[in-house]
Each structure stands twice: as structure tokens, then as C-alpha cells.
>>> print(open('final.tsv').read())   # TSV, C-alpha atoms
chain	number	residue	atom	x	y	z
A	1	MET	CA	12.22	4.53	-57.01
A	2	PRO	CA	11.86	8.33	-56.87
A	3	ILE	CA	8.43	9.58	-55.81
A	4	ASP	CA	6.23	10.89	-58.61
A	5	PRO	CA	4.82	14.19	-57.28
A	6	ILE	CA	2.14	14.30	-59.97
A	7	ALA	CA	0.72	10.89	-59.06
A	8	LEU	CA	0.96	11.67	-55.34
A	9	THR	CA	-0.84	14.98	-55.85
A	10	ARG	CA	-3.75	13.17	-57.48
A	11	LYS	CA	-3.92	10.60	-54.67
A	12	LEU	CA	-4.07	13.37	-52.08
A	13	VAL	CA	-6.62	15.46	-53.99
A	14	ASP	CA	-8.90	12.44	-54.31
A	15	ILE	CA	-9.15	12.21	-50.51
A	16	GLU	CA	-11.60	14.89	-49.43
A	17	SER	CA	-10.20	16.91	-46.50
A	18	THR	CA	-12.27	20.05	-46.13
A	19	THR	CA	-11.28	21.94	-42.98
A	20	TYR	CA	-12.51	20.23	-39.78
A	21	ASP	CA	-12.82	16.87	-41.62
A	22	GLU	CA	-9.19	16.08	-42.43
A	23	GLY	CA	-9.09	12.66	-40.73
A	24	ARG	CA	-9.07	10.39	-43.80
A	25	CYS	CA	-6.26	12.32	-45.45
A	26	GLY	CA	-4.29	12.32	-42.22
A	27	ILE	CA	-4.58	8.54	-41.94
A	28	PHE	CA	-3.41	8.11	-45.55
A	29	LEU	CA	-0.41	10.38	-44.98
A	30	ALA	CA	0.57	8.65	-41.74
A	31	GLU	CA	0.55	5.26	-43.44
A	32	TYR	CA	2.27	6.55	-46.58
A	33	LEU	CA	5.11	8.29	-44.74
A	34	GLY	CA	5.49	5.31	-42.43
A	35	SER	CA	5.95	3.08	-45.48
A	36	LEU	CA	8.86	5.30	-46.54
A	37	GLY	CA	10.64	4.65	-43.25
A	38	TYR	CA	9.67	7.79	-41.37
A	39	GLN	CA	8.95	7.88	-37.65
A	40	VAL	CA	5.50	9.48	-37.76
A	41	GLU	CA	3.93	11.29	-34.84
A	42	ARG	CA	0.29	12.36	-34.75
A	43	GLN	CA	-0.54	15.65	-33.03
A	44	PRO	CA	-4.26	15.63	-32.09
A	45	VAL	CA	-6.18	18.80	-32.90
A	46	ASP	CA	-9.54	19.60	-31.30
A	47	GLN	CA	-12.63	19.40	-33.47
A	48	ALA	CA	-14.53	22.64	-34.05
A	49	PRO	CA	-18.34	22.79	-34.17
A	50	LEU	CA	-19.63	22.01	-37.64
A	51	ALA	CA	-21.94	24.31	-39.53
A	52	PRO	CA	-25.62	23.27	-39.52
A	53	GLY	CA	-26.22	20.59	-42.13
A	54	ALA	CA	-22.51	19.89	-42.70
A	55	SER	CA	-21.52	16.24	-43.11
A	56	HIS	CA	-18.53	14.71	-41.37
A	57	SER	CA	-16.64	11.41	-41.49
A	58	GLY	CA	-16.46	11.31	-37.70
A	59	LEU	CA	-12.71	10.62	-37.78
A	60	PRO	CA	-10.41	12.58	-35.47
A	61	ARG	CA	-8.22	15.31	-36.95
A	62	PHE	CA	-4.50	15.57	-36.35
A	63	ASN	CA	-1.23	17.01	-37.65
A	64	LEU	CA	1.66	14.82	-38.74
A	65	TYR	CA	5.32	15.25	-37.86
A	66	ALA	CA	7.67	12.84	-39.64
A	67	ARG	CA	11.41	12.35	-39.38
A	68	MET	CA	13.87	9.55	-39.88
A	69	PRO	CA	14.44	7.56	-36.65
A	70	GLY	CA	17.15	9.02	-34.44
A	71	ILE	CA	17.47	12.22	-36.49
A	72	MET	CA	16.74	15.77	-35.25
A	73	PRO	CA	16.50	17.70	-38.53
A	74	MET	CA	17.78	21.26	-38.93
A	75	VAL	CA	15.23	21.96	-41.67
A	76	THR	CA	11.51	21.22	-41.67
A	77	LEU	CA	9.36	21.22	-44.80
A	78	SER	CA	5.76	22.07	-43.98
A	79	THR	CA	2.34	22.87	-45.41
A	80	HIS	CA	-1.32	22.11	-44.72
A	81	PHE	CA	-3.58	19.37	-46.05
A	82	ASP	CA	-6.98	20.86	-45.30
A	83	THR	CA	-8.84	22.55	-48.15
A	84	VAL	CA	-11.67	24.99	-48.68
A	85	PRO	CA	-15.07	23.75	-49.91
A	86	PRO	CA	-16.55	22.67	-52.21
A	87	TYR	CA	-14.66	19.47	-52.87
A	88	PHE	CA	-14.03	18.18	-56.39
A	89	ALA	CA	-11.84	15.25	-57.40
A	90	SER	CA	-8.65	15.29	-59.43
A	91	SER	CA	-8.18	15.15	-63.16
A	92	GLU	CA	-5.26	15.94	-65.43
A	93	ASP	CA	-4.36	17.01	-68.93
A	94	ASP	CA	-1.03	17.50	-70.66
A	95	GLU	CA	-0.15	20.57	-68.59
A	96	TYR	CA	-2.11	20.56	-65.34
A	97	VAL	CA	-3.38	18.56	-62.40
A	98	HIS	CA	-6.86	19.85	-61.53
A	99	GLY	CA	-8.87	19.41	-58.34
A	100	ARG	CA	-9.51	20.87	-54.92
A	101	GLY	CA	-6.21	21.27	-53.13
A	102	SER	CA	-4.12	20.68	-56.24
A	103	CYS	CA	-2.26	23.97	-55.71
A	104	ASP	CA	-3.42	24.80	-52.17
A	105	ALA	CA	-1.69	22.81	-50.88
A	106	LYS	CA	-1.63	19.08	-51.72
A	107	GLY	CA	0.56	19.48	-54.80
A	108	ILE	CA	3.00	21.36	-52.59
A	109	LEU	CA	2.93	18.53	-50.05
A	110	ALA	CA	3.63	15.96	-52.77
A	111	SER	CA	6.62	17.94	-54.08
A	112	GLN	CA	7.97	18.29	-50.55
A	113	VAL	CA	7.78	14.56	-49.88
A	114	ALA	CA	9.58	13.88	-53.17
A	115	ALA	CA	12.21	16.48	-52.29
A	116	ALA	CA	12.71	14.94	-48.84
A	117	GLU	CA	13.34	11.53	-50.41
A	118	LYS	CA	15.91	13.10	-52.74
A	119	LEU	CA	17.62	14.77	-49.78
A	120	HIS	CA	17.63	11.58	-47.71
A	121	ALA	CA	19.23	9.71	-50.60
A	122	ASN	CA	22.04	12.29	-50.51
A	123	GLY	CA	22.47	11.96	-46.75
A	124	THR	CA	20.66	15.24	-45.93
A	125	PRO	CA	17.65	14.44	-43.75
A	126	VAL	CA	14.80	16.90	-43.23
A	127	GLY	CA	11.64	16.83	-41.16
A	128	LEU	CA	8.10	16.99	-42.52
A	129	LEU	CA	5.27	18.81	-40.72
A	130	TYR	CA	1.76	18.68	-42.19
A	131	VAL	CA	-1.04	20.47	-40.38
A	132	VAL	CA	-4.81	20.86	-40.40
A	133	GLY	CA	-6.97	23.95	-40.06
A	134	GLU	CA	-4.92	26.47	-42.04
A	135	GLU	CA	-7.88	27.58	-44.12
A	136	ARG	CA	-9.90	28.65	-41.07
A	137	ASP	CA	-8.02	29.37	-37.86
A	138	SER	CA	-4.50	27.86	-37.99
A	139	ALA	CA	-5.55	25.49	-35.20
A	140	GLY	CA	-3.15	22.79	-36.37
A	141	ALA	CA	-0.20	25.17	-36.56
A	142	LYS	CA	-0.87	26.39	-33.02
A	143	VAL	CA	-0.87	22.80	-31.74
A	144	ALA	CA	2.36	22.07	-33.63
A	145	ASN	CA	3.99	25.15	-32.16
A	146	ALA	CA	3.32	23.91	-28.65
A	147	ASP	CA	4.31	20.30	-29.34
A	148	GLY	CA	7.93	20.61	-28.23
A	149	HIS	CA	9.59	19.84	-31.55
A	150	GLY	CA	11.37	22.40	-33.67
A	151	SER	CA	14.16	23.07	-36.13
A	152	LYS	CA	16.53	25.81	-37.22
A	153	TYR	CA	14.70	26.57	-40.48
A	154	LEU	CA	11.11	26.18	-41.61
A	155	ILE	CA	10.36	26.00	-45.34
A	156	ASN	CA	6.61	26.51	-45.52
A	157	GLY	CA	4.66	25.74	-48.67
A	158	GLU	CA	2.00	27.92	-50.29
A	159	PRO	CA	1.45	28.75	-53.97
A	160	THR	CA	4.22	31.23	-54.92
A	161	GLU	CA	4.88	30.00	-58.49
A	162	ASN	CA	8.15	28.59	-57.14
A	163	GLN	CA	9.44	32.01	-56.10
A	164	LEU	CA	10.69	32.83	-52.61
A	165	ALA	CA	8.32	35.12	-50.74
A	166	LEU	CA	9.90	38.16	-49.10
A	167	ALA	CA	6.81	38.79	-46.99
A	168	THR	CA	3.31	37.56	-46.26
A	169	LYS	CA	0.43	39.72	-45.18
A	170	GLY	CA	-1.19	39.10	-41.84
A	171	ALA	CA	-4.90	38.52	-41.31
A	172	LEU	CA	-7.39	40.02	-38.87
A	173	ARG	CA	-10.84	38.43	-38.82
A	174	VAL	CA	-13.39	40.86	-37.40
A	175	VAL	CA	-16.89	39.97	-36.23
A	176	LEU	CA	-19.34	42.87	-35.95
A	177	SER	CA	-22.56	42.30	-34.00
A	178	ALA	CA	-25.34	44.88	-33.97
A	179	SER	CA	-28.43	44.78	-31.79
A	180	GLY	CA	-31.75	46.61	-32.16
A	181	LYS	CA	-35.41	46.43	-31.26
A	182	MET	CA	-38.10	44.51	-33.14
A	183	ALA	CA	-41.19	46.31	-34.38
A	184	HIS	CA	-43.76	46.11	-37.15
A	185	SER	CA	-42.13	47.45	-40.31
A	186	ALA	CA	-45.13	49.74	-40.88
A	187	TYR	CA	-44.11	51.60	-37.71
A	188	PRO	CA	-40.29	51.82	-37.88
A	189	GLU	CA	-40.29	54.58	-35.27
A	190	LEU	CA	-41.27	51.95	-32.69
A	191	GLY	CA	-38.20	49.83	-33.38
A	192	GLU	CA	-34.47	50.12	-33.93
A	193	SER	CA	-32.92	48.37	-36.91
A	194	ALA	CA	-29.75	46.40	-36.22
A	195	ILE	CA	-29.28	45.99	-39.96
A	196	ASP	CA	-29.30	49.75	-40.53
A	197	LYS	CA	-26.64	50.13	-37.83
A	198	LEU	CA	-24.51	47.43	-39.36
A	199	ILE	CA	-24.78	48.84	-42.89
A	200	ALA	CA	-23.74	52.28	-41.67
A	201	VAL	CA	-20.69	50.86	-39.88
A	202	LEU	CA	-19.65	48.80	-42.91
A	203	HIS	CA	-20.01	51.83	-45.16
A	204	ASP	CA	-17.76	53.89	-42.90
A	205	LEU	CA	-15.17	51.10	-42.60
A	206	GLN	CA	-14.97	50.70	-46.37
A	207	ARG	CA	-14.16	54.40	-46.66
A	208	SER	CA	-11.47	54.31	-43.96
A	209	GLU	CA	-7.77	54.71	-44.74
A	210	LEU	CA	-5.94	51.57	-43.64
A	211	PRO	CA	-2.14	51.24	-43.43
A	212	VAL	CA	-0.01	50.93	-46.57
A	213	ASP	CA	3.50	49.44	-46.68
A	214	GLN	CA	5.92	50.48	-49.42
A	215	GLU	CA	7.09	46.91	-50.08
A	216	ILE	CA	4.04	44.81	-49.19
A	217	GLY	CA	1.33	47.17	-50.47
A	218	PRO	CA	-2.02	48.26	-49.00
A	219	SER	CA	-4.13	46.68	-46.30
A	220	THR	CA	-7.37	45.32	-47.76
A	221	LEU	CA	-10.79	44.81	-46.20
A	222	ASN	CA	-13.33	42.22	-47.33
A	223	VAL	CA	-16.88	41.87	-46.02
A	224	GLY	CA	-17.26	38.12	-46.38
A	225	LEU	CA	-20.46	37.21	-44.52
A	226	ILE	CA	-23.59	39.10	-43.47
A	227	SER	CA	-26.60	37.77	-41.59
A	228	GLY	CA	-29.49	39.23	-39.63
A	229	GLY	CA	-33.14	40.06	-39.35
A	230	ARG	CA	-36.32	38.01	-38.93
A	231	ALA	CA	-38.54	38.78	-41.92
A	232	PRO	CA	-39.04	41.55	-44.49
A	233	ASN	CA	-41.89	43.01	-42.46
A	234	VAL	CA	-40.04	43.03	-39.13
A	235	ILE	CA	-37.54	45.63	-37.93
A	236	ALA	CA	-34.35	43.65	-37.34
A	237	ASP	CA	-33.26	43.18	-33.75
A	238	ALA	CA	-29.91	41.55	-34.58
A	239	ALA	CA	-27.36	41.51	-37.41
A	240	GLU	CA	-23.80	40.29	-37.86
A	241	ALA	CA	-20.99	40.72	-40.38
A	242	GLN	CA	-17.67	38.91	-40.65
A	243	LEU	CA	-14.77	40.80	-42.18
A	244	LEU	CA	-11.22	39.83	-43.10
A	245	ILE	CA	-8.57	42.52	-43.15
A	246	ARG	CA	-5.24	41.67	-44.79
A	247	LEU	CA	-2.56	43.29	-42.65
A	248	VAL	CA	0.71	44.91	-43.71
A	249	GLY	CA	1.91	45.58	-40.17
A	250	PRO	CA	0.87	45.14	-36.53
A	251	SER	CA	-2.82	44.38	-36.11
A	252	GLN	CA	-3.09	46.94	-33.32
A	253	HIS	CA	-2.53	49.72	-35.86
A	254	VAL	CA	-5.68	48.60	-37.69
A	255	LYS	CA	-7.65	48.12	-34.48
A	256	ASN	CA	-6.78	51.69	-33.49
A	257	ILE	CA	-8.31	52.87	-36.78
A	258	ILE	CA	-11.48	50.78	-36.94
A	259	GLU	CA	-12.57	50.77	-33.31
A	260	PRO	CA	-13.27	54.54	-33.13
A	261	ILE	CA	-15.19	54.26	-36.42
A	262	ILE	CA	-17.34	51.42	-35.04
A	263	GLY	CA	-17.85	53.18	-31.71
A	264	ASN	CA	-20.85	51.89	-29.77
A	265	ARG	CA	-22.86	51.07	-32.88
A	266	CYS	CA	-21.66	47.43	-32.96
A	267	GLN	CA	-19.89	45.01	-30.70
A	268	VAL	CA	-16.54	43.98	-32.19
A	269	THR	CA	-14.62	40.75	-31.58
A	270	TYR	CA	-11.51	39.33	-33.26
A	271	SER	CA	-11.66	35.65	-34.14
A	272	LEU	CA	-8.26	35.44	-35.89
A	273	ASP	CA	-5.14	37.56	-35.63
A	274	LEU	CA	-2.13	36.49	-37.71
A	275	GLU	CA	0.96	38.66	-37.93
A	276	THR	CA	2.59	40.06	-41.03
A	277	VAL	CA	5.86	38.18	-41.66
A	278	ARG	CA	8.97	39.40	-43.46
A	279	MET	CA	11.55	36.92	-44.73
A	280	LYS	CA	15.10	37.14	-45.99
A	281	ARG	CA	16.25	37.48	-49.56
A	282	ILE	CA	18.55	34.73	-50.90
A	283	PRO	CA	20.87	35.69	-53.78
A	284	GLY	CA	19.91	34.07	-57.08
A	285	TRP	CA	16.32	33.25	-56.11
A	286	PRO	CA	13.40	35.07	-57.79
A	287	THR	CA	11.10	36.68	-55.24
A	288	MET	CA	7.50	37.77	-54.70
A	289	ILE	CA	5.22	39.26	-52.05
A	290	ALA	CA	2.43	37.01	-50.76
A	291	LYS	CA	-0.69	39.10	-50.27
A	292	TYR	CA	-2.25	36.29	-48.24
A	293	ALA	CA	-1.60	35.01	-44.72
A	294	THR	CA	-0.01	31.65	-43.92
A	295	ASP	CA	0.64	29.40	-40.92
A	296	ILE	CA	4.16	30.83	-40.60
A	297	SER	CA	3.20	33.36	-37.95
A	298	SER	CA	1.83	30.49	-35.82
A	299	LEU	CA	4.94	28.29	-36.21
A	300	THR	CA	7.52	30.48	-34.52
A	301	ASN	CA	9.17	27.56	-32.70
A	302	TRP	CA	10.07	25.83	-35.97
A	303	GLY	CA	12.90	28.12	-36.97
A	304	GLU	CA	13.59	30.96	-39.35
A	305	PRO	CA	10.84	30.86	-41.98
A	306	LEU	CA	10.95	30.77	-45.75
A	307	LEU	CA	7.97	30.44	-48.09
A	308	LEU	CA	8.03	28.63	-51.43
A	309	GLY	CA	5.67	26.48	-53.47
A	310	PRO	CA	4.40	25.51	-56.91
A	311	GLY	CA	1.12	26.88	-58.23
A	312	THR	CA	-0.53	30.28	-58.38
A	313	ILE	CA	-2.76	31.67	-55.65
A	314	HIS	CA	-4.96	33.18	-58.38
A	315	VAL	CA	-6.74	29.85	-58.94
A	316	ALA	CA	-6.73	28.65	-55.33
A	317	HIS	CA	-10.18	28.63	-53.67
A	318	THR	CA	-11.87	28.63	-57.11
A	319	GLU	CA	-13.67	26.10	-59.28
A	320	HIS	CA	-10.66	26.25	-61.62
A	321	GLU	CA	-8.03	25.18	-59.09
A	322	ARG	CA	-5.09	23.54	-60.81
A	323	VAL	CA	-1.30	23.33	-60.75
A	324	LEU	CA	1.19	23.06	-63.57
A	325	LYS	CA	2.84	19.64	-63.71
A	326	ARG	CA	6.04	21.38	-64.73
A	327	GLU	CA	5.99	23.43	-61.51
A	328	LEU	CA	5.39	20.35	-59.36
A	329	LEU	CA	8.50	18.74	-60.83
A	330	GLU	CA	10.54	21.94	-60.57
A	331	ALA	CA	9.49	22.33	-56.94
A	332	VAL	CA	11.09	19.00	-56.01
A	333	ASP	CA	14.52	20.32	-57.02
A	334	LYS	CA	13.87	23.78	-55.56
A	335	TYR	CA	12.88	22.43	-52.14
A	336	ALA	CA	15.86	20.06	-52.16
A	337	ASP	CA	18.31	22.78	-53.24
A	338	LEU	CA	16.98	25.30	-50.75
A	339	ALA	CA	17.05	22.88	-47.81
A	340	ALA	CA	20.56	21.68	-48.69
A	341	SER	CA	21.83	25.27	-48.93
A	342	LEU	CA	20.48	26.09	-45.47
A	343	MET	CA	22.37	23.19	-43.93
A	344	ARG	CA	25.78	24.10	-45.37
>>> encode(input="final.tsv", output="C-alpha cells")
Amino acid sequence: MPIDPIALTRKLVDIESTTYDEGRCGIFLAEYLGSLGYQVERQPVDQAPLAPGASHSGLPRFNLYARMPGIMPMVTLSTHFDTVPPYFASSEDDEYVHGRGSCDAKGILASQVAAAEKLHANGTPVGLLYVVGEERDSAGAKVANADGHGSKYLINGEPTENQLALATKGALRVVLSASGKMAHSAYPELGESAIDKLIAVLHDLQRSELPVDQEIGPSTLNVGLISGGRAPNVIADAAEAQLLIRLVGPSQHVKNIIEPIIGNRCQVTYSLDLETVRMKRIPGWPTMIAKYATDISSLTNWGEPLLLGPGTIHVAHTEHERVLKRELLEAVDKYADLAASLMR
């Protein structure tokens, strides 16, 4: 019987797999793909320290690589099965499947598995690679890239509304750390405020002119997290901000702009650096530009990349995350058609 991508999406969404706690979903996928006749390999991925107060199942995290026994596929279908918090379970109505991960990216995964079964039935085998950690640091993709497997083409899945992406932006995660000197707030001249330093740097960075690409668009800068200080009546001796810059070209171009602006006012470190990726146009396929980063830049050993998936990024990472059932069904045929065309 053909796989129902709508039902499989709901099963996957109902297994919580927030980044760093993907173990239960990984176990389900390994068993499920094994039941379909795949040879399933687990690629262990190191656990990262959890945030204070965060709960965890205690299960190990791992990627999954699946292929039919004895086959070395030319094409690999891939996406991630970790999600952002907060978790909420699946539901559905006439048009949509709702729930955390429904469009980013468990619905995509379900459509890919259904497409792979369709291809296998036609004598066109593909590989399946499902990774952890995409939403934080691409740790799973980096492990997969060093695992020794590979293929000629990689069809990665992210929400593109079933259009082929011509490019994805890169991502540079910047950590700014400012230090100062504590003092009584009634005598600010006796101290040195780390928060004041940090605010001044952020203000200057937000006014900076970052690179613009004619096709991809502008670089964007988001101040996502700020912390610091001891109390309202204490001059702050430490402060930190975490920024994410969406890249349209080499990250070094951005570093060359922001580092002189920061100067010696803050210490700067880079916790994530993903390249901008450009992909080929295929005649007859509608196209788009993905303003987000993907695992593609960390999966260079898996072949020439393409990016395609059901769902819209506009509802990913929100309390309204959902995916059109129609797009899930359409994606099965699109993945199958695209993979088959690459193997001709």
C-alpha cells in the first residue's frame, strides 16, 4: 500500500523532538524505515549541554541513513527531524496538518519517504538521510558529511512551497561579550558599565551597511538574545548579546565590516558559520530564493544540492505552524519526478 504522507506527518509531529532531544523520534524512524525493507544505519551525534531547567528523555541522539540492501543510490533525499520549541501536538482540518514540525520539517520527511517508496516501486532506488541539530548548529549534518557515504545529488527538504530554490542565504551567529567594573549605581563614575558598551556596539552594528546581492537580496541582522548585569542598583560588570546575520555571500565580507565597528569594546566569537549556497535552475520548475540557511552547506559530500519542500517558511517557528495537505501530496510526486529526472 502507498504511504499516506498526511498520516505519517501526524505520527512524526506527535513525537516531541526538540533540538538536543531527538532520540525518541530517531528510534521511531529507524524502526519504521526498517519495516519498509531499508538497511538503516545510525550515525551517533554528540549531546550538547542543556539549558538550565530543560527536561530531557535521556536517549542518545543520532542521524539515520537508509538505503535498500546492496544499493548505492545516486540520489539522496534528506531533511532534519529536530524542531524548535515549544512543542505542540498535531491536529488537522480539511486543509491543513497543524503542529510543531508539520512544515519544518516532518511533513517534508513524510513526503520524501512516500516518494522513495514510489521510486522503489518503479525500480529507481534513492537513499534517505535524516539528521538532528539543524535548528541550532547543524551538528547532525556535520557528522553525516564525515560518515563516508555520499551520492551524486542531494535533494534537501525545507519549506519552499514546492518550488525549487535557486539559492539559500548563509548564517553567521555572532556572540558579543562586554566586560566592565561593578560599582554602586549612585556613583557611576566609580564603575564601568558593560551594558552601556554593549548597547553602543549594537546600535552601531544596526546602522552598518551589510552586503546586498542582486538576486538573493540584502544581508539581515537580528539581535536575538541579550543578558547581563547584576541588579538595577549595580553598575554591570558583564553583558552578552547573540546575533544572527543572514549572509548573501562569504562570511568574511561581513566579518571585515563588523569587526572594526566592534573594535575593543566587546569580545566577538562566531558560534555558527554557514555558507550561502547557489543552486541550478531546472527548466519547467517554478523557483524561489530561500532567505534562510539550511544544512546544505554542511553536506558537501552528498552531491550537487537541490532544495525543495512543501509548506511555507512564514509559519515555521510560530504557534501557527501548519502545512497544506495538498502540498504534502503534491510533494510526493515532485520529489519522485525530480529524483527520477536526475538519474536519467
>>> atom_distance(input="final.tsv", atom1="atom CA of A:Arg326", atom2="atom CA of A:Tyr96")
8.2 Å
>>> residues_around(input="final.tsv", residues="A:Ile261", least_positions_apart="6", cutoff="8 Å", atoms="only C-alpha atoms", output="list in words")
Val201, Asp204 and Leu205 of chain A
>>> closest_residue(input="final.tsv", among="A:Val40, A:Leu166, A:Met182, A:Val234", to="A:Leu128", atoms="only C-alpha atoms")
A:Val40
>>> axis_aligned_box(input="final.tsv", around="stretch 68-75 of chain A", padding_each_side="4 Å", output="AutoDock Vina command-line options")
--center_x 15.8 --center_y 14.8 --center_z -38.1 --size_x 11.9 --size_y 22.4 --size_z 15.2
>>> closest_residue(input="final.tsv", among="A:Leu308, A:Val174, A:Ala48, A:Ile3", to="A:Leu244", atoms="only C-alpha atoms")
A:Val174
>>> closest_residue(input="final.tsv", among="A:Ala105, A:Gly170, A:Gln214, A:Glu240", to="A:Leu202", atoms="all atoms listed in the file")
A:Glu240
>>> residues_around(input="final.tsv", residues="A:Asn301", least_positions_apart="4", cutoff="9 Å", atoms="only C-alpha atoms", output="JSON, numbers by chain")
{"A": [144, 145, 146, 148, 149, 150, 151, 152]}
>>> closest_residue(input="final.tsv", among="A:Leu172, A:Leu59, A:Val84, A:Ala200", to="A:Leu243", atoms="all atoms listed in the file")
A:Leu172
>>> atom_distance(input="final.tsv", atom1="atom CA of A:Ile296", atom2="atom CA of A:Ala167")
10.5 Å
>>> residues_around(input="final.tsv", residues="A:Gly217", least_positions_apart="5", cutoff="10 Å", atoms="all atoms listed in the file", output="ChimeraX atom specification")
/A:169,211-212,247-248,289,291
>>> write_last_selection(input="final.tsv", atoms="C-alpha atoms", output="compact mmCIF listing (two decimals), in the frame of the given file")
# COMPACT_ATOMS: atom_id res chain seq x y z
CA LYS A 169 0.43 39.72 -45.18
CA PRO A 211 -2.14 51.24 -43.43
CA VAL A 212 -0.01 50.93 -46.57
CA LEU A 247 -2.56 43.29 -42.65
CA VAL A 248 0.71 44.91 -43.71
CA ILE A 289 5.22 39.26 -52.05
CA LYS A 291 -0.69 39.10 -50.27
>>> atom_distance(input="final.tsv", atom1="atom CA of A:Leu119", atom2="atom CA of A:Leu12")
21.9 Å
>>> closest_residue(input="final.tsv", among="A:Pro232, A:Glu16, A:Val277, A:Glu41", to="A:Arg100", atoms="only C-alpha atoms")
A:Glu16
>>> closest_residue(input="final.tsv", among="A:Asp333, A:Glu22, A:Glu92, A:Asp137", to="A:Thr9", atoms="only C-alpha atoms")
A:Glu92
>>> residues_near_point(input="final.tsv", point="(-7.3, 12.2, -57.6)", cutoff="9 Å", atoms="all atoms listed in the file", output="PyMOL selection string")
chain A and resi 7-15+89-92+97-99
>>> residues_near_point(input="final.tsv", point="(-6.9, 25.3, -60.5)", cutoff="8 Å", atoms="all atoms listed in the file", output="list in words")
Val97, His98, Gly99, Arg100, Ser102, Cys103, Val315, Ala316, Thr318, Glu319, His320, Glu321, Arg322 and Val323 of chain A
